[in-house]
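S.K.: Contents of coords_3.cif (mmCIF, C-alpha atoms and all ligand atoms):
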```cif
data_structure
#
loop_
_atom_site.label_atom_id
_atom_site.label_comp_id
_atom_site.auth_asym_id
_atom_site.auth_seq_id
_atom_site.Cartn_x
_atom_site.Cartn_y
_atom_site.Cartn_z
CA MET A 1 0.00 0.00 0.00
CA GLN A 2 1.12 3.55 -0.70
CA VAL A 3 -0.20 4.66 2.68
CA THR A 4 0.40 3.09 6.07
CA ARG A 5 -1.67 5.36 8.31
CA VAL A 6 -4.86 7.29 7.45
CA LEU A 7 -7.48 9.33 9.25
CA VAL A 8 -11.09 8.92 8.14
CA VAL A 9 -13.29 11.84 9.25
CA GLY A 10 -16.88 10.65 9.71
CA ALA A 11 -18.17 7.18 10.65
CA GLY A 12 -21.21 7.26 8.38
CA ILE A 13 -21.79 4.70 5.66
CA GLY A 14 -18.87 5.77 3.45
CA GLY A 15 -16.43 6.43 6.28
CA LEU A 16 -17.03 3.00 7.82
CA GLY A 17 -16.71 1.47 4.34
CA ALA A 18 -13.37 3.22 3.76
CA ALA A 19 -12.12 2.23 7.21
CA ALA A 20 -12.97 -1.43 6.52
CA ALA A 21 -11.57 -1.39 2.96
CA LEU A 22 -8.23 0.14 4.01
CA ALA A 23 -7.80 -1.74 7.29
CA ARG A 24 -8.44 -5.03 5.44
CA ARG A 25 -5.42 -4.16 3.31
CA GLY A 26 -3.25 -3.62 6.37
CA VAL A 27 -3.44 0.18 6.62
CA GLY A 28 -3.59 1.69 10.13
CA VAL A 29 -6.94 3.49 10.24
CA ASP A 30 -8.21 6.00 12.79
CA VAL A 31 -11.81 7.17 12.41
CA ALA A 32 -12.96 10.44 14.02
CA GLU A 33 -16.76 10.70 14.36
CA LEU A 34 -18.45 13.81 15.70
CA ARG A 35 -21.49 11.97 17.07
CA PRO A 36 -21.03 10.93 20.72
CA HIS A 37 -22.09 7.31 20.00
CA SER A 38 -22.51 4.89 17.12
CA GLY A 39 -26.33 4.92 16.83
CA VAL A 40 -28.18 6.27 13.77
CA LEU A 41 -31.81 7.05 12.93
CA GLY A 42 -33.84 3.90 12.45
CA VAL A 43 -35.38 4.42 8.99
CA GLY A 44 -34.64 2.15 6.04
CA ILE A 45 -32.26 2.27 3.11
CA ASN A 46 -32.15 0.37 -0.17
CA GLN A 47 -28.85 -1.04 -1.44
CA PRO A 48 -28.93 -1.72 -5.18
CA ALA A 49 -26.70 -4.37 -6.78
CA ASN A 50 -23.69 -2.12 -7.35
CA SER A 51 -23.71 -1.16 -3.68
CA LEU A 52 -24.06 -4.83 -2.72
CA ARG A 53 -20.91 -5.53 -4.77
CA ALA A 54 -19.05 -2.88 -2.77
CA LEU A 55 -20.37 -4.49 0.44
CA ARG A 56 -19.16 -7.87 -0.87
CA ALA A 57 -15.68 -6.37 -1.32
CA LEU A 58 -15.85 -5.39 2.38
CA GLY A 59 -16.70 -8.99 3.32
CA VAL A 60 -20.22 -8.25 4.67
CA LEU A 61 -22.56 -9.19 1.81
CA GLU A 62 -23.99 -12.27 3.56
CA ASP A 63 -24.66 -10.33 6.78
CA ILE A 64 -26.40 -7.59 4.81
CA LEU A 65 -28.56 -10.05 2.85
CA ASP A 66 -29.44 -11.95 6.04
CA VAL A 67 -31.13 -8.92 7.62
CA GLY A 68 -32.57 -7.31 4.48
CA PHE A 69 -35.37 -7.79 1.97
CA GLN A 70 -34.40 -8.64 -1.62
CA TYR A 71 -36.46 -7.67 -4.66
CA ASP A 72 -36.02 -7.17 -8.37
CA ARG A 73 -38.43 -4.54 -9.64
CA THR A 74 -40.12 -1.17 -9.14
CA THR A 75 -43.84 -0.81 -9.83
CA PHE A 76 -45.38 2.58 -10.58
CA TYR A 77 -48.99 3.57 -9.77
CA ASP A 78 -51.16 6.66 -9.82
CA TRP A 79 -52.37 8.18 -6.53
CA GLN A 80 -55.46 6.00 -6.48
CA GLY A 81 -53.25 2.91 -6.62
CA ARG A 82 -53.89 2.01 -10.28
CA LEU A 83 -50.87 0.30 -11.88
CA ILE A 84 -49.08 2.42 -14.47
CA VAL A 85 -46.08 0.26 -15.29
CA ASP A 86 -43.98 -2.57 -13.88
CA CYS A 87 -40.22 -2.10 -14.35
CA PRO A 88 -38.13 -5.23 -13.76
CA SER A 89 -34.67 -4.15 -12.65
CA ALA A 90 -31.67 -4.28 -14.99
CA LEU A 91 -29.46 -4.55 -11.89
CA GLY A 92 -28.13 -7.77 -10.37
CA GLY A 93 -26.89 -11.06 -11.72
CA ASP A 94 -24.19 -12.22 -9.29
CA VAL A 95 -25.97 -10.35 -6.44
CA PRO A 96 -29.66 -9.46 -5.91
CA ALA A 97 -30.96 -6.42 -7.81
CA ASN A 98 -31.90 -4.68 -4.54
CA ASN A 99 -31.62 -5.37 -0.82
CA ALA A 100 -33.34 -2.95 1.54
CA LEU A 101 -32.62 -2.98 5.26
CA SER A 102 -32.76 -0.73 8.32
CA ARG A 103 -30.06 1.93 8.60
CA SER A 104 -29.21 0.75 12.10
CA ASP A 105 -28.47 -2.76 10.76
CA LEU A 106 -26.30 -1.33 7.97
CA HIS A 107 -24.34 0.78 10.47
CA ARG A 108 -23.94 -2.09 12.91
CA ILE A 109 -22.60 -4.39 10.19
CA LEU A 110 -20.24 -1.76 8.71
CA THR A 111 -18.97 -0.77 12.18
CA GLY A 112 -18.25 -4.44 12.89
CA ALA A 113 -16.41 -4.80 9.56
CA ALA A 114 -14.25 -1.73 10.22
CA GLU A 115 -13.41 -2.70 13.80
CA GLN A 116 -12.74 -6.37 13.01
CA ALA A 117 -10.32 -5.26 10.30
CA GLY A 118 -8.47 -3.21 12.93
CA ALA A 119 -9.79 0.34 12.45
CA LYS A 120 -10.07 2.44 15.61
CA ILE A 121 -13.25 4.54 15.80
CA THR A 122 -13.40 7.42 18.27
CA TYR A 123 -16.80 9.05 18.88
CA GLY A 124 -17.21 12.68 19.91
CA MET A 125 -14.06 13.49 17.92
CA THR A 126 -13.21 15.58 14.87
CA ALA A 127 -10.23 16.98 12.99
CA GLN A 128 -9.81 20.59 14.06
CA ASP A 129 -6.82 21.62 12.01
CA LEU A 130 -4.79 20.18 9.12
CA GLU A 131 -1.24 21.05 8.15
CA ASP A 132 -0.18 19.53 4.85
CA ALA A 133 3.52 18.65 4.95
CA GLY A 134 3.81 17.35 1.37
CA ASP A 135 4.18 13.63 1.88
CA ARG A 136 2.02 13.53 5.03
CA VAL A 137 -0.43 15.64 6.97
CA HIS A 138 -0.38 16.76 10.61
CA VAL A 139 -3.84 16.78 12.15
CA THR A 140 -4.89 18.53 15.33
CA LEU A 141 -7.75 16.50 16.77
CA SER A 142 -10.50 17.99 18.92
CA ASP A 143 -9.02 16.39 22.05
CA GLY A 144 -5.91 18.53 21.47
CA LYS A 145 -3.65 15.69 20.28
CA ILE A 146 -1.62 16.15 17.09
CA GLU A 147 -1.30 13.04 14.90
CA THR A 148 0.48 12.49 11.59
CA TYR A 149 -1.15 10.60 8.71
CA ASP A 150 -0.31 9.76 5.09
CA LEU A 151 -3.82 10.76 4.02
CA VAL A 152 -6.96 12.35 5.51
CA ILE A 153 -10.21 11.02 4.03
CA GLY A 154 -13.26 13.20 4.64
CA PHE A 155 -16.53 11.27 4.67
CA ASP A 156 -18.07 13.99 6.82
CA GLY A 157 -21.38 14.25 4.99
CA LEU A 158 -23.44 16.89 3.19
CA ARG A 159 -22.30 19.83 5.38
CA SER A 160 -18.64 18.67 5.28
CA PRO A 161 -16.36 21.05 7.17
CA LEU A 162 -13.42 19.40 5.38
CA ARG A 163 -14.85 20.30 1.96
CA ARG A 164 -15.13 23.90 3.12
CA ARG A 165 -11.53 23.85 4.35
CA LEU A 166 -10.08 22.35 1.16
CA PHE A 167 -12.22 24.07 -1.47
CA ALA A 168 -13.90 27.41 -2.03
CA ALA A 169 -17.08 28.28 -0.15
CA GLU A 170 -19.08 28.30 -3.41
CA HIS A 171 -19.30 24.49 -3.25
CA GLU A 172 -21.98 24.48 -0.60
CA PRO A 173 -25.10 22.27 -0.81
CA VAL A 174 -28.15 23.77 -2.52
CA PHE A 175 -31.68 23.05 -1.27
CA THR A 176 -33.71 21.55 -4.13
CA GLY A 177 -37.05 22.98 -2.95
CA TYR A 178 -38.27 19.46 -2.07
CA SER A 179 -38.24 17.28 1.04
CA VAL A 180 -38.73 13.62 1.89
CA TRP A 181 -40.86 12.29 4.74
CA ARG A 182 -40.16 8.75 5.91
CA VAL A 183 -41.87 6.49 8.40
CA THR A 184 -41.29 2.82 9.26
CA MET A 185 -44.48 0.73 9.34
CA PRO A 186 -45.59 -2.91 9.43
CA ARG A 187 -45.27 -4.46 5.94
CA PRO A 188 -48.56 -5.49 4.28
CA ALA A 189 -48.16 -8.78 2.35
CA GLU A 190 -48.64 -6.98 -0.99
CA VAL A 191 -45.47 -4.86 -0.51
CA THR A 192 -42.75 -7.04 -2.01
CA ASN A 193 -40.80 -4.45 -4.00
CA THR A 194 -40.42 -0.67 -4.29
CA MET A 195 -43.87 0.71 -5.16
CA VAL A 196 -44.07 4.32 -6.32
CA PHE A 197 -47.32 6.32 -6.40
CA GLN A 198 -47.41 9.46 -8.54
CA GLY A 199 -49.51 12.21 -6.96
CA ASP A 200 -50.55 15.75 -7.80
CA GLY A 201 -47.18 17.51 -7.41
CA THR A 202 -46.11 14.92 -4.84
CA LYS A 203 -44.90 11.34 -4.90
CA ALA A 204 -45.31 8.58 -2.33
CA GLY A 205 -43.88 5.10 -2.12
CA VAL A 206 -43.10 2.07 -0.01
CA ILE A 207 -39.96 -0.06 0.29
CA PRO A 208 -39.98 -3.46 2.05
CA LEU A 209 -37.28 -3.79 4.73
CA SER A 210 -37.84 -7.22 6.26
CA ARG A 211 -40.51 -9.87 6.60
CA ASP A 212 -42.34 -7.62 9.08
CA SER A 213 -41.44 -4.03 8.26
CA MET A 214 -41.29 -1.51 5.42
CA TYR A 215 -41.00 2.22 5.14
CA MET A 216 -43.26 4.71 3.46
CA PHE A 217 -41.70 7.77 1.85
CA VAL A 218 -43.36 10.90 0.54
CA VAL A 219 -41.68 13.61 -1.56
CA THR A 220 -43.22 17.09 -1.33
CA ALA A 221 -42.48 20.63 -2.49
CA GLU A 222 -41.45 22.74 0.51
CA PRO A 223 -40.59 26.14 -0.96
CA GLY A 224 -38.25 28.17 1.23
CA ASN A 225 -37.37 25.11 3.34
CA PRO A 226 -39.77 26.00 6.18
CA TYR A 227 -39.28 24.98 9.80
CA LEU A 228 -41.83 22.27 10.66
CA PRO A 229 -42.47 21.60 14.37
CA SER A 230 -41.59 17.99 15.21
CA ASP A 231 -44.70 17.47 17.35
CA GLN A 232 -46.96 18.34 14.38
CA MET A 233 -45.39 16.00 11.82
CA ALA A 234 -48.27 13.49 11.76
CA GLY A 235 -50.86 16.16 10.88
CA LEU A 236 -48.59 17.86 8.35
CA LEU A 237 -47.80 14.57 6.59
CA LYS A 238 -51.46 13.56 6.49
CA GLU A 239 -52.35 16.94 4.94
CA ARG A 240 -49.79 16.36 2.19
CA LEU A 241 -51.23 12.91 1.50
CA ALA A 242 -54.82 14.16 1.37
CA GLY A 243 -55.47 13.20 -2.27
CA TYR A 244 -54.16 9.63 -2.11
CA GLY A 245 -56.40 6.54 -2.17
CA GLY A 246 -55.52 2.84 -2.30
CA LEU A 247 -52.54 1.60 -0.27
CA ILE A 248 -51.10 5.05 0.44
CA GLY A 249 -54.53 6.32 1.56
CA ASP A 250 -54.78 3.38 3.99
CA LEU A 251 -51.25 3.99 5.30
CA ARG A 252 -51.99 7.72 5.74
CA ASP A 253 -55.08 6.88 7.79
CA ALA A 254 -52.98 4.62 10.01
CA ILE A 255 -50.58 7.45 10.98
CA THR A 256 -51.39 8.60 14.51
CA ALA A 257 -48.11 9.83 16.02
CA SER A 258 -45.45 12.33 14.98
CA ASP A 259 -42.74 10.22 16.67
CA GLY A 260 -40.88 8.18 14.13
CA ILE A 261 -41.60 10.49 11.17
CA VAL A 262 -38.23 11.49 9.72
CA TYR A 263 -38.33 14.69 7.67
CA SER A 264 -35.38 15.43 5.35
CA PRO A 265 -35.06 18.54 3.18
CA LEU A 266 -33.25 17.46 -0.01
CA SER A 267 -30.02 19.27 -0.88
CA GLU A 268 -27.45 18.56 -3.56
CA VAL A 269 -23.79 19.28 -4.00
CA LEU A 270 -21.32 18.18 -6.67
CA LEU A 271 -17.74 19.20 -6.15
CA PRO A 272 -15.88 19.59 -9.45
CA SER A 273 -13.00 17.17 -10.00
CA PRO A 274 -10.56 16.74 -8.30
CA TRP A 275 -11.92 16.14 -4.82
CA PHE A 276 -8.46 16.16 -3.25
CA GLY A 277 -5.92 18.77 -2.35
CA GLY A 278 -2.48 17.57 -1.24
CA ARG A 279 -2.91 14.74 1.25
CA ALA A 280 -6.64 15.23 1.92
CA ILE A 281 -9.68 14.11 -0.05
CA VAL A 282 -13.46 14.39 0.45
CA LEU A 283 -15.79 11.60 -0.64
CA GLY A 284 -19.38 10.38 -0.38
CA ASP A 285 -22.03 13.03 0.34
CA ALA A 286 -19.28 15.53 1.15
CA ALA A 287 -18.28 15.48 -2.54
CA HIS A 288 -21.50 14.44 -4.29
CA ALA A 289 -24.79 14.43 -2.38
CA CYS A 290 -27.70 13.67 -4.73
CA ALA A 291 -31.48 13.34 -4.56
CA PRO A 292 -32.37 9.84 -3.28
CA HIS A 293 -34.47 8.91 -6.33
CA LEU A 294 -32.19 6.13 -7.61
CA THR A 295 -31.40 5.01 -4.01
CA GLN A 296 -27.74 5.34 -4.96
CA GLY A 297 -26.22 7.85 -2.48
CA ALA A 298 -24.83 5.27 -0.06
CA GLY A 299 -23.87 3.02 -2.97
CA MET A 300 -21.79 5.83 -4.46
CA ALA A 301 -20.14 6.43 -1.06
CA LEU A 302 -19.34 2.72 -0.65
CA GLU A 303 -18.01 2.50 -4.20
CA ASP A 304 -15.80 5.54 -3.44
CA ALA A 305 -14.44 3.67 -0.41
CA VAL A 306 -13.67 0.45 -2.27
CA VAL A 307 -12.21 2.14 -5.37
CA LEU A 308 -9.97 4.40 -3.25
CA ALA A 309 -8.52 1.39 -1.43
CA GLU A 310 -7.97 -0.39 -4.77
CA GLU A 311 -6.15 2.59 -6.28
CA LEU A 312 -3.99 3.11 -3.20
CA ALA A 313 -2.97 -0.55 -3.42
CA VAL A 314 -1.49 -0.21 -6.91
CA PRO A 315 2.25 -0.80 -6.46
CA ASP A 316 5.05 1.60 -7.47
CA ARG A 317 2.88 4.68 -7.81
CA ALA A 318 2.75 8.02 -5.99
CA VAL A 319 -0.29 8.83 -3.84
CA ALA A 320 -1.16 11.86 -6.02
CA ALA A 321 -1.22 9.63 -9.13
CA SER A 322 -3.50 7.18 -7.34
CA LEU A 323 -5.88 9.94 -6.29
CA ALA A 324 -5.96 11.16 -9.91
CA ALA A 325 -6.65 7.59 -11.08
CA PHE A 326 -9.44 7.40 -8.50
CA MET A 327 -11.04 10.54 -9.96
CA GLU A 328 -10.89 9.01 -13.46
CA ARG A 329 -12.93 6.06 -12.24
CA ARG A 330 -15.42 8.01 -10.13
CA TYR A 331 -16.43 11.39 -11.50
CA ALA A 332 -18.53 10.47 -14.57
CA ARG A 333 -20.35 7.69 -12.71
CA VAL A 334 -21.23 9.89 -9.77
CA LYS A 335 -22.29 12.77 -12.03
CA LEU A 336 -24.62 10.48 -13.97
CA VAL A 337 -26.30 9.38 -10.73
CA GLN A 338 -26.65 12.97 -9.61
CA ASP A 339 -28.03 14.23 -12.94
CA VAL A 340 -30.54 11.39 -13.39
CA SER A 341 -31.70 11.58 -9.75
CA HIS A 342 -32.26 15.33 -10.13
CA GLN A 343 -34.19 14.88 -13.41
CA ILE A 344 -36.45 12.26 -11.83
CA LEU A 345 -37.11 14.49 -8.79
CA VAL A 346 -37.97 17.59 -10.80
CA GLY A 347 -39.90 15.69 -13.49
CA GLU A 348 -42.13 13.87 -10.99
CA MET A 349 -42.82 16.96 -8.91
CA ALA A 350 -43.94 18.89 -12.02
CA ILE A 351 -46.80 16.43 -12.72
CA THR A 352 -50.18 17.89 -11.73
CA ALA A 353 -53.62 16.27 -11.63
CA ALA A 354 -54.52 17.78 -15.01
CA MET A 355 -51.38 16.32 -16.60
CA LEU A 356 -51.82 12.83 -15.18
CA PRO A 357 -53.38 11.03 -18.19
CA GLN A 358 -50.60 12.30 -20.48
CA ALA A 359 -47.96 11.58 -17.83
CA VAL A 360 -49.24 8.01 -17.39
CA ALA A 361 -48.96 7.33 -21.12
CA HIS A 362 -45.46 8.83 -21.16
CA MET A 363 -44.35 6.80 -18.13
CA ARG A 364 -45.64 3.56 -19.71
CA GLU A 365 -43.82 4.27 -22.91
CA THR A 366 -40.49 5.54 -21.58
CA LEU A 367 -39.87 4.51 -17.95
CA PRO A 368 -38.78 0.88 -18.44
CA GLY A 369 -36.28 1.94 -21.12
CA ARG A 370 -34.93 4.97 -19.23
CA LEU A 371 -34.58 3.15 -15.93
CA GLY A 372 -33.13 0.09 -17.67
CA GLN A 373 -30.49 2.23 -19.34
CA VAL A 374 -29.20 3.87 -16.17
CA GLU A 375 -29.41 0.65 -14.15
CA GLY A 376 -27.60 -1.21 -16.93
CA PHE A 377 -24.80 1.35 -16.73
CA LEU A 378 -24.60 1.16 -12.93
CA ASN A 379 -24.54 -2.64 -13.11
CA GLN A 380 -21.19 -2.42 -14.94
CA PRO A 381 -18.09 -2.68 -12.73
CA CYS A 382 -17.14 0.66 -11.18
C1 LIG B 1 -34.41 10.86 2.26
C2 LIG B 1 -33.18 10.11 1.88
C3 LIG B 1 -33.27 8.79 1.49
C4 LIG B 1 -32.13 8.10 1.08
N1 LIG B 1 -32.25 6.79 0.68
C5 LIG B 1 -31.15 6.14 0.23
C6 LIG B 1 -31.26 4.79 -0.22
O1 LIG B 1 -32.32 4.17 -0.16
N2 LIG B 1 -30.13 4.20 -0.70
C7 LIG B 1 -28.92 4.85 -0.74
O2 LIG B 1 -27.93 4.25 -1.20
N3 LIG B 1 -28.79 6.11 -0.30
C8 LIG B 1 -29.86 6.77 0.19
N4 LIG B 1 -29.73 8.05 0.65
C9 LIG B 1 -28.41 8.69 0.61
C10 LIG B 1 -27.47 8.21 1.71
O3 LIG B 1 -28.06 8.29 2.99
C11 LIG B 1 -26.18 9.04 1.68
O4 LIG B 1 -25.74 9.21 0.37
C12 LIG B 1 -25.10 8.35 2.50
O5 LIG B 1 -25.47 8.29 3.85
C13 LIG B 1 -23.77 9.10 2.34
O6 LIG B 1 -22.81 8.51 3.17
P1 LIG B 1 -21.62 9.39 3.75
O7 LIG B 1 -20.78 8.47 4.56
O8 LIG B 1 -20.97 10.15 2.66
O9 LIG B 1 -22.32 10.47 4.66
P2 LIG B 1 -23.15 10.25 5.99
O10 LIG B 1 -23.79 8.91 6.00
O11 LIG B 1 -24.01 11.47 6.13
O12 LIG B 1 -22.07 10.25 7.16
C14 LIG B 1 -21.36 11.41 7.51
C15 LIG B 1 -20.81 11.18 8.91
O13 LIG B 1 -19.87 12.22 9.22
C16 LIG B 1 -20.12 12.66 10.53
N5 LIG B 1 -19.60 14.02 10.62
C17 LIG B 1 -20.15 15.16 10.14
N6 LIG B 1 -19.33 16.21 10.40
C18 LIG B 1 -18.25 15.71 11.04
C19 LIG B 1 -17.08 16.30 11.56
N7 LIG B 1 -16.84 17.61 11.48
N8 LIG B 1 -16.17 15.49 12.16
C20 LIG B 1 -16.39 14.15 12.26
N9 LIG B 1 -17.50 13.54 11.80
C21 LIG B 1 -18.40 14.32 11.18
C22 LIG B 1 -21.62 12.54 10.69
O14 LIG B 1 -21.98 12.53 12.05
C23 LIG B 1 -21.88 11.23 9.98
O15 LIG B 1 -21.74 10.11 10.83
C24 LIG B 1 -30.86 8.75 1.07
C25 LIG B 1 -30.76 10.08 1.49
C26 LIG B 1 -31.91 10.76 1.89
C27 LIG B 1 -31.78 12.20 2.32
#
```
Starting from the coordinates I provided, produce the structure as structure tokens.
Ligand SMILES: Cc1cc2nc3c(=O)[nH]c(=O)nc-3n(C[C@H](O)[C@H](O)[C@H](O)COP(=O)(O)OP(=O)(O)OC[C@H]3O[C@@H](n4cnc5c(N)ncnc54)[C@H](O)[C@@H]3O)c2cc1C

M.R.:
Amino acid sequence: MQVTRVLVVGAGIGGLGAAAALARRGVGVDVAELRPHSGVLGVGINQPANSLRALRALGVLEDILDVGFQYDRTTFYDWQGRLIVDCPSALGGDVPANNALSRSDLHRILTGAAEQAGAKITYGMTAQDLEDAGDRVHVTLSDGKIETYDLVIGFDGLRSPLRRRLFAAEHEPVFTGYSVWRVTMPRPAEVTNTMVFQGDGTKAGVIPLSRDSMYMFVVTAEPGNPYLPSDQMAGLLKERLAGYGGLIGDLRDAITASDGIVYSPLSEVLLPSPWFGGRAIVLGDAAHACAPHLTQGAGMALEDAVVLAEELAVPDRAVAASLAAFMERRYARVKLVQDVSHQILVGEMAITAAMLPQAVAHMRETLPGRLGQVEGFLNQPC
């Protein structure tokens, strides 16, 4: 390996993936995580086939499949629950097309993989200051200690302080104007794949997570990114689902408590290439946070982690050359995911009740081909 000691900033999905990938190759890995403990919010997350391949490279595929729910298609409906089109997935082959699971399970498994490989995770810790010394970097940690690393890897999320430190302030996340509401619920027997329900300027859907559970998501326009009081979430979500019938109407009527409703304003950022400066690099959401419409954000972060470790393992090459080679493999793929996710978000939110008949015909005609094309691309090795 070209590096013997690295600091990973952030023990989210990508940071834990990078810690596992590098520690498995014998690199000494410290992870600094700002949160005081390892727990994460309990909603679900889908891992498509390309992400499952990254998880296989980290040695945890079986554990992930054991706790998740596998499926191979997305079905689209109108807001009364009438089927528009069934899209079998172009993902998969050697792994399932999709495996959805709870975020807490994904974190637990990735934390185990990182720690078993020898990475040391410290909670309530961050990198306060960096001094690049050419072939290494001196880091002042928030406990006052100064440590020296060959590379600092920032997986510190959408609001990444490391991105701000390394690059100009213009690369800040931009609010899309839309938000996602998520709530974990018991899984009705009919929910065996991602089901998407097109509404009047909104979209709802369900994703199965296990034999017993699933989560419902709802995407809504929230101009100006308003503050929404957490104790009123149930009423506010029900209001936004007012026009829905069928399954989503039934699920709306079953919502009684605001607890457990997770509300996420959607922001995007795409840092231009390269994502590194000297001996520091930012990855995952810190470099390329996208709308969740292809369920690819975590997959892109995990691919970043695995590809970085592969490039740093190439013998007889300088670290800077490996980081440049990493960018060659990553930028176009990540940009495609971001662009397509954004187009889907904006396109779906623009559909009104009056446009629905036309939109339905268009979706029937074009969705399987469009989705198949992007999934086919993402199913290629990264
Ligand atoms: C509504 C919604 C639904 C989604 N659904 C999916 C899905 O189904 N499938 C999918 O693949 N992706 C999904 N995503 C995207 C996915 O959650 C992210 O892309 C993924 O979590 C990015 O991983 P990351 O490690 O880069 O960042 P994060 O997971 O955000 O981790 C960043 C970590 O850094 C820590 N941190 C922050 N600042 C500091 C600091 N200064 N010092 C130290 N630590 C710090 C944070 O506490 C956190 O632990 C969804 C996103 C949203 C908003």

S.K.: Within 12 Å of Gly12 in chain A, counting all atoms listed in the file, which residues show up once you throw out same-chain ones fewer than 6 positions away? Write them as a ChimeraX atom specification, please.

M.R.: /A:18-19,31-35,37-41,103-104,106-111,114,121,123,154-158,283-286,297-298,301-302,305

S.K.: With only C-alpha atoms as the atoms that count, which of A:Ala204, A:Val6, A:Val152, A:Val262 lies nearest to Gly245 in chain A?

M.R.: A:Ala204

S.K.: With distances taken over all atoms listed in the file, which of A:Val346, A:Ala325, A:Val340, A:Val334 is nearest to Gly201 in chain A?

M.R.: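 Closest candidate: A:Val346.
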
S.K.: So, counting all atoms listed in the file, which residue among A:Gln343, A:Asn225, A:Gln296, A:Thr4 is closest to Leu378 in chain A?

M.R.: A:Gln296

S.K.: When distances are computed from all atoms listed in the file, which of A:Pro272, A:Gly124, A:Gly68, A:Gly92 shows the smallest separation from Ala11 in chain A?

M.R.: A:Gly124

S.K.: To one decimal in Å, tell me the separation between atom O5 of ligand LIG 1 (chain B) and CA of Pro292 in chain A.

M.R.: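 Atom-to-atom, atom O5 of ligand LIG 1 (chain B) and CA of Pro292 in chain A are spaced 10.0 Å apart.
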
S.K.: Have a look at A:Ala313, A:Val307, A:Val60, A:Ala280 and name the one nearest to Phe326 in chain A; count all atoms listed in the file.

M.R.: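 So, comparing all the options, the nearest one is A:Val307.
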
S.K.: Go through A:Ala309, A:Asn193, A:Asp129, A:Lys120 one by one, measure the shortest atom-to-atom distance of each to Ala57 in chain A using all atoms listed in the file, and give the residue with the smallest value.

M.R.: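 Result for the nearest residue to Ala57 in chain A: A:Ala309.
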
S.K.: Would you mind reading off the distance between CA of Val337 in chain A and CA of Met300 in chain A, one decimal, in Å?

M.R.: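 Between CA of Val337 in chain A and CA of Met300 in chain A the gap is 8.5 Å.
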
S.K.: What is the CA of Asn99 in chain A to atom C14 of ligand LIG 1 (chain B) distance in Å?

M.R.: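 A separation of 21.4 Å between them.
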
S.K.: Extract, using all atoms listed in the file, all DNA, RNA and protein residues at most 8 Å from range 370-374 of chain A, discarding same-chain residues fewer than 2 positions from it, and format them as a VMD selection string.

M.R.: chain A and resid 87 89 to 90 366 to 368 376 to 378

S.K.: With C-alpha atoms retained, could you export that selection as a PDB file, in the coordinates of the input?

M.R.:
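Wrote it out as result05.pdb, contents follow:
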```pdb
ATOM      1  CA  CYS A  87     -40.220  -2.100 -14.350  1.00  0.00           C
ATOM      2  CA  SER A  89     -34.670  -4.150 -12.650  1.00  0.00           C
ATOM      3  CA  ALA A  90     -31.670  -4.280 -14.990  1.00  0.00           C
ATOM      4  CA  THR A 366     -40.490   5.540 -21.580  1.00  0.00           C
ATOM      5  CA  LEU A 367     -39.870   4.510 -17.950  1.00  0.00           C
ATOM      6  CA  PRO A 368     -38.780   0.880 -18.440  1.00  0.00           C
ATOM      7  CA  GLY A 376     -27.600  -1.210 -16.930  1.00  0.00           C
ATOM      8  CA  PHE A 377     -24.800   1.350 -16.730  1.00  0.00           C
ATOM      9  CA  LEU A 378     -24.600   1.160 -12.930  1.00  0.00           C
TER      10      LEU A 378
END
```

S.K.: Taking N, CA and C atoms as the atom set, what does range 218-227 of chain A look like once completed, written as an mmCIF file, keeping the file's coordinate frame?

M.R.:
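Okay, rebuild-v7.cif is ready:
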```cif
data_model
loop_
_atom_site.group_PDB
_atom_site.id
_atom_site.type_symbol
_atom_site.label_atom_id
_atom_site.label_comp_id
_atom_site.auth_asym_id
_atom_site.auth_seq_id
_atom_site.Cartn_x
_atom_site.Cartn_y
_atom_site.Cartn_z
ATOM 1 N N VAL A 218 -42.525 9.927 1.257
ATOM 2 C CA VAL A 218 -43.360 10.900 0.540
ATOM 3 C C VAL A 218 -42.452 12.068 0.169
ATOM 4 N N VAL A 219 -42.476 12.470 -1.110
ATOM 5 C CA VAL A 219 -41.680 13.610 -1.560
ATOM 6 C C VAL A 219 -42.624 14.772 -1.811
ATOM 7 N N THR A 220 -42.321 15.931 -1.216
ATOM 8 C CA THR A 220 -43.220 17.090 -1.330
ATOM 9 C C THR A 220 -42.420 18.353 -1.632
ATOM 10 N N ALA A 221 -43.087 19.307 -2.282
ATOM 11 C CA ALA A 221 -42.480 20.630 -2.490
ATOM 12 C C ALA A 221 -42.580 21.401 -1.178
ATOM 13 N N GLU A 222 -41.468 21.956 -0.739
ATOM 14 C CA GLU A 222 -41.450 22.740 0.510
ATOM 15 C C GLU A 222 -40.689 24.025 0.241
ATOM 16 N N PRO A 223 -41.311 24.933 -0.560
ATOM 17 C CA PRO A 223 -40.590 26.140 -0.960
ATOM 18 C C PRO A 223 -40.078 26.930 0.243
ATOM 19 N N GLY A 224 -38.838 27.374 0.143
ATOM 20 C CA GLY A 224 -38.250 28.170 1.230
ATOM 21 C C GLY A 224 -37.734 27.338 2.387
ATOM 22 N N ASN A 225 -37.868 26.009 2.285
ATOM 23 C CA ASN A 225 -37.370 25.110 3.340
ATOM 24 C C ASN A 225 -37.870 25.533 4.725
ATOM 25 N N PRO A 226 -39.210 25.491 4.925
ATOM 26 C CA PRO A 226 -39.770 26.000 6.180
ATOM 27 C C PRO A 226 -39.413 25.134 7.382
ATOM 28 N N TYR A 227 -39.435 25.747 8.557
ATOM 29 C CA TYR A 227 -39.280 24.980 9.800
ATOM 30 C C TYR A 227 -40.620 24.294 10.092
#
```
